[in-house]
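Have a look at run-v8.cif below; it lists mmCIF, C-alpha atoms.
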data_my_file
#
loop_
_atom_site.group_PDB
_atom_site.id
_atom_site.type_symbol
_atom_site.label_atom_id
_atom_site.label_comp_id
_atom_site.auth_asym_id
_atom_site.auth_seq_id
_atom_site.Cartn_x
_atom_site.Cartn_y
_atom_site.Cartn_z
ATOM 1 C CA MET A 5 -7.414 -10.622 -38.554
ATOM 2 C CA THR A 6 -7.405 -14.208 -39.903
ATOM 3 C CA ILE A 7 -10.463 -16.318 -39.235
ATOM 4 C CA ALA A 8 -11.852 -19.762 -40.007
ATOM 5 C CA PRO A 9 -14.660 -19.180 -42.563
ATOM 6 C CA GLU A 10 -16.236 -22.596 -41.914
ATOM 7 C CA LYS A 11 -17.756 -21.323 -38.659
ATOM 8 C CA THR A 12 -21.415 -20.538 -39.344
ATOM 9 C CA ASP A 13 -22.399 -18.560 -36.239
ATOM 10 C CA VAL A 14 -19.668 -15.943 -36.565
ATOM 11 C CA LYS A 15 -20.588 -12.269 -36.971
ATOM 12 C CA VAL A 16 -18.499 -9.578 -38.635
ATOM 13 C CA GLN A 17 -18.153 -6.487 -36.445
ATOM 14 C CA LEU A 18 -16.661 -3.030 -37.020
ATOM 15 C CA ARG A 19 -15.327 -0.734 -34.324
ATOM 16 C CA LEU A 20 -17.209 2.551 -34.453
ATOM 17 C CA ALA A 21 -16.900 5.567 -32.144
ATOM 18 C CA ASP A 22 -19.362 4.108 -29.631
ATOM 19 C CA GLY A 23 -18.183 0.472 -29.697
ATOM 20 C CA TRP A 24 -18.464 -2.651 -31.818
ATOM 21 C CA PHE A 25 -21.240 -2.769 -34.438
ATOM 22 C CA THR A 26 -22.412 -6.102 -35.853
ATOM 23 C CA VAL A 27 -22.587 -5.856 -39.634
ATOM 24 C CA CYS A 28 -23.427 -9.333 -40.961
ATOM 25 C CA ASP A 29 -22.808 -13.053 -40.739
ATOM 26 C CA LEU A 30 -19.354 -14.116 -41.872
ATOM 27 C CA THR A 31 -20.970 -16.625 -44.246
ATOM 28 C CA LEU A 32 -22.241 -13.718 -46.385
ATOM 29 C CA LEU A 33 -18.685 -12.782 -47.389
ATOM 30 C CA THR A 34 -17.026 -14.435 -50.386
ATOM 31 C CA PRO A 35 -13.224 -14.382 -50.552
ATOM 32 C CA GLY A 36 -11.996 -11.821 -53.066
ATOM 33 C CA ARG A 37 -15.335 -9.997 -53.364
ATOM 34 C CA GLY A 38 -16.646 -6.983 -51.495
ATOM 35 C CA VAL A 39 -19.937 -6.377 -49.705
ATOM 36 C CA ALA A 40 -21.412 -2.975 -48.828
ATOM 37 C CA ALA A 41 -22.864 -2.428 -45.361
ATOM 38 C CA LEU A 42 -25.002 0.449 -44.118
ATOM 39 C CA LEU A 43 -23.715 1.930 -40.861
ATOM 40 C CA PRO A 44 -25.861 3.563 -38.140
ATOM 41 C CA ASP A 45 -24.871 7.102 -39.210
ATOM 42 C CA GLY A 46 -26.027 6.476 -42.795
ATOM 43 C CA SER A 47 -22.548 6.036 -44.254
ATOM 44 C CA GLN A 48 -21.387 2.788 -45.838
ATOM 45 C CA ALA A 49 -18.475 0.432 -45.289
ATOM 46 C CA ALA A 50 -17.014 -1.965 -47.835
ATOM 47 C CA LEU A 51 -16.172 -5.350 -46.292
ATOM 48 C CA PHE A 52 -13.692 -7.808 -47.760
ATOM 49 C CA LEU A 53 -12.566 -11.322 -46.871
ATOM 50 C CA ASP A 54 -9.367 -12.330 -48.634
ATOM 51 C CA ARG A 55 -8.470 -15.839 -49.715
ATOM 52 C CA ALA A 56 -6.234 -16.222 -46.639
ATOM 53 C CA GLY A 57 -9.202 -15.540 -44.339
ATOM 54 C CA ARG A 58 -8.284 -11.954 -43.345
ATOM 55 C CA LEU A 59 -11.067 -9.404 -42.913
ATOM 56 C CA TYR A 60 -10.873 -5.771 -44.046
ATOM 57 C CA ALA A 61 -13.318 -2.862 -43.856
ATOM 58 C CA ILE A 62 -12.953 0.545 -45.495
ATOM 59 C CA ASP A 63 -15.212 3.438 -46.403
ATOM 60 C CA ASN A 64 -17.332 2.434 -49.414
ATOM 61 C CA ARG A 65 -17.291 5.947 -50.927
ATOM 62 C CA ASP A 66 -14.786 6.568 -53.717
ATOM 63 C CA PRO A 67 -13.296 10.004 -52.898
ATOM 64 C CA PHE A 68 -12.478 10.680 -56.556
ATOM 65 C CA GLY A 69 -15.880 9.915 -58.092
ATOM 66 C CA GLY A 70 -18.045 10.462 -55.004
ATOM 67 C CA ALA A 71 -20.086 7.278 -55.446
ATOM 68 C CA ALA A 72 -20.377 4.447 -52.911
ATOM 69 C CA VAL A 73 -18.821 1.766 -55.124
ATOM 70 C CA LEU A 74 -15.580 0.479 -53.559
ATOM 71 C CA SER A 75 -17.278 -2.745 -52.457
ATOM 72 C CA ARG A 76 -17.659 -3.537 -56.182
ATOM 73 C CA GLY A 77 -13.987 -2.964 -56.997
ATOM 74 C CA LEU A 78 -11.389 -5.540 -57.959
ATOM 75 C CA THR A 79 -9.075 -6.796 -55.228
ATOM 76 C CA GLY A 80 -5.388 -7.541 -55.568
ATOM 77 C CA SER A 81 -2.031 -6.840 -53.969
ATOM 78 C CA HIS A 82 0.845 -4.496 -54.730
ATOM 79 C CA GLN A 83 4.211 -5.001 -53.025
ATOM 80 C CA GLY A 84 2.511 -7.203 -50.439
ATOM 81 C CA ARG A 85 -0.228 -4.652 -49.695
ATOM 82 C CA PRO A 86 -3.820 -5.816 -50.246
ATOM 83 C CA PHE A 87 -5.905 -3.291 -52.177
ATOM 84 C CA VAL A 88 -9.197 -2.680 -53.904
ATOM 85 C CA ALA A 89 -9.283 -0.791 -57.206
ATOM 86 C CA SER A 90 -12.253 1.517 -57.616
ATOM 87 C CA PRO A 91 -14.570 0.494 -60.450
ATOM 88 C CA LEU A 92 -14.841 4.179 -61.450
ATOM 89 C CA LEU A 93 -11.377 5.603 -62.144
ATOM 90 C CA LYS A 94 -9.331 2.581 -60.987
ATOM 91 C CA GLN A 95 -7.477 4.232 -58.091
ATOM 92 C CA ARG A 96 -6.229 1.591 -55.657
ATOM 93 C CA PHE A 97 -6.869 1.782 -51.905
ATOM 94 C CA ASP A 98 -4.919 -0.181 -49.318
ATOM 95 C CA LEU A 99 -7.418 -2.413 -47.504
ATOM 96 C CA ALA A 100 -5.441 -2.335 -44.255
ATOM 97 C CA ASN A 101 -5.136 1.420 -43.797
ATOM 98 C CA GLY A 102 -7.207 3.185 -46.505
ATOM 99 C CA GLN A 103 -4.218 4.910 -48.148
ATOM 100 C CA CYS A 104 -4.643 5.565 -51.868
ATOM 101 C CA LEU A 105 -1.746 3.826 -53.613
ATOM 102 C CA ASP A 106 -2.020 6.177 -56.594
ATOM 103 C CA ASP A 107 -2.221 9.513 -54.760
ATOM 104 C CA GLU A 108 -0.382 9.920 -51.437
ATOM 105 C CA ALA A 109 -2.561 12.893 -50.472
ATOM 106 C CA VAL A 110 -5.743 10.768 -50.369
ATOM 107 C CA ARG A 111 -6.775 8.359 -47.631
ATOM 108 C CA ILE A 112 -10.167 6.867 -46.781
ATOM 109 C CA THR A 113 -11.356 5.484 -43.464
ATOM 110 C CA ALA A 114 -10.188 1.976 -42.621
ATOM 111 C CA TYR A 115 -12.188 0.324 -39.852
ATOM 112 C CA GLU A 116 -10.964 -2.093 -37.233
ATOM 113 C CA VAL A 117 -12.834 -5.300 -38.005
ATOM 114 C CA ARG A 118 -13.241 -8.602 -36.194
ATOM 115 C CA ALA A 119 -15.119 -11.878 -36.387
ATOM 116 C CA ALA A 120 -16.901 -12.676 -33.133
#
Give the structure from the file, written as structure tokens.
Amino acid sequence: MTIAPEKTDVKVQLRLADGWFTVCDLTLLTPGRGVAALLPDGSQAALFLDRAGRLYAIDNRDPFGGAAVLSRGLTGSHQGRPFVASPLLKQRFDLANGQCLDDEAVRITAYEVRAA
């Protein structure tokens, strides 16, 4: 989803099993940097706003190292696919669908995200 970051009353929401969950104000996101958010079930999501204004949300837990650190990873793109590289072992995860770009057998949760 592409949004206009200059709007100040816009909330970032994730679709969870029981509906949309408001995570934070859009103004708290900085393009190219991640933010961790605590979800109602105690898990965490990593939120990203890219420089083109698109929002992404994935599981914050690195499946290789087990720590909740993906929000602190470096963002980039590979063959047109936006990714975050884990700060632990540097595996890259597609921000749109959670697929690990370095190990086809690994995928993390990617959340539907919107600005409302």
(Q) Env of range 107-109 of chain A: 10 Å cut, atoms = all atoms listed in the file, seq-sep filter 6 positions within chain, self excluded. Answer as a list in words. (A)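 Once the nearby chain positions are removed, what remains is Gln95, Arg96 and Phe97 of chain A.
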(Q) Here's the selection I'm unsure about, the PyMOL selection byres ((chain A and resi 115) around 8); applied to the file above, which residues does it give, as number ranges by chain? (A) A: 18-20, 60-63, 113-114, 116-117
Keeping only C-alpha atoms, write the selected residues to a file as a CSV table (one decimal), in the coordinates of the input.
chain,number,residue,atom,x,y,z
A,18,LEU,CA,-16.7,-3.0,-37.0
A,19,ARG,CA,-15.3,-0.7,-34.3
A,20,LEU,CA,-17.2,2.6,-34.5
A,60,TYR,CA,-10.9,-5.8,-44.0
A,61,ALA,CA,-13.3,-2.9,-43.9
A,62,ILE,CA,-13.0,0.5,-45.5
A,63,ASP,CA,-15.2,3.4,-46.4
A,113,THR,CA,-11.4,5.5,-43.5
A,114,ALA,CA,-10.2,2.0,-42.6
A,116,GLU,CA,-11.0,-2.1,-37.2
A,117,VAL,CA,-12.8,-5.3,-38.0
Q) Between A:Leu105, A:Leu33, A:Leu74, A:Val39, which is the closest to Pro86 in chain A once you count only C-alpha atoms? A) A:Leu105
Q. Between A:Asp29, A:Asp66, A:Asp45, A:Asp22, which is the closest to Cys104 in chain A once you count all atoms listed in the file?
A.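 Using all atoms listed in the file, Cys104 in chain A sits closest to A:Asp66.
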List, as a short mmCIF file (atom, residue, chain, number, x, y, z; two decimals) with C-alpha atoms, in the frame of the given file, every residue that the PyMOL selection byres ((chain A and resi 47) around 12) selects in the file provided.
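out_13.cif, written as the output of this step:
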data_model
loop_
_atom_site.label_atom_id
_atom_site.label_comp_id
_atom_site.auth_asym_id
_atom_site.auth_seq_id
_atom_site.Cartn_x
_atom_site.Cartn_y
_atom_site.Cartn_z
CA LEU A 20 -17.21 2.55 -34.45
CA ALA A 40 -21.41 -2.98 -48.83
CA ALA A 41 -22.86 -2.43 -45.36
CA LEU A 42 -25.00 0.45 -44.12
CA LEU A 43 -23.72 1.93 -40.86
CA PRO A 44 -25.86 3.56 -38.14
CA ASP A 45 -24.87 7.10 -39.21
CA GLY A 46 -26.03 6.48 -42.80
CA GLN A 48 -21.39 2.79 -45.84
CA ALA A 49 -18.48 0.43 -45.29
CA ALA A 50 -17.01 -1.96 -47.84
CA ILE A 62 -12.95 0.55 -45.50
CA ASP A 63 -15.21 3.44 -46.40
CA ASN A 64 -17.33 2.43 -49.41
CA ARG A 65 -17.29 5.95 -50.93
CA ALA A 71 -20.09 7.28 -55.45
CA ALA A 72 -20.38 4.45 -52.91
CA THR A 113 -11.36 5.48 -43.46
#
Q. Looking at A:Asp13, A:Pro67, A:Ala119, A:Asp54, which one is nearest to Gly80 in chain A, with distances taken over all atoms listed in the file?
A. A:Asp54
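Across the model, the gap from CA of Cys28 in chain A to CA of Thr79 in chain A is 20.4 Å.
Rounded to one decimal, CA of Ala56 in chain A and CA of Pro35 in chain A lie 8.2 Å from each other.
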Q | Sel. within 7 Å of pt (-10.7, -2.1, -57.5), counting only C-alpha atoms, output as an MDAnalysis selection string | A | chainID A and resid 74 77:79 88:91 94 96
Q. Closest to Gln83 in chain A among A:Leu32, A:Asp98, A:Gly38, A:Phe52, using all atoms listed in the file?
A.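 Looking at the shortest contact to Gln83 in chain A, the residue is A:Asp98.
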Q) What does the distance between CA of Trp24 in chain A and CA of Arg111 in chain A come to in Å, to one decimal place? A) 22.5 Å
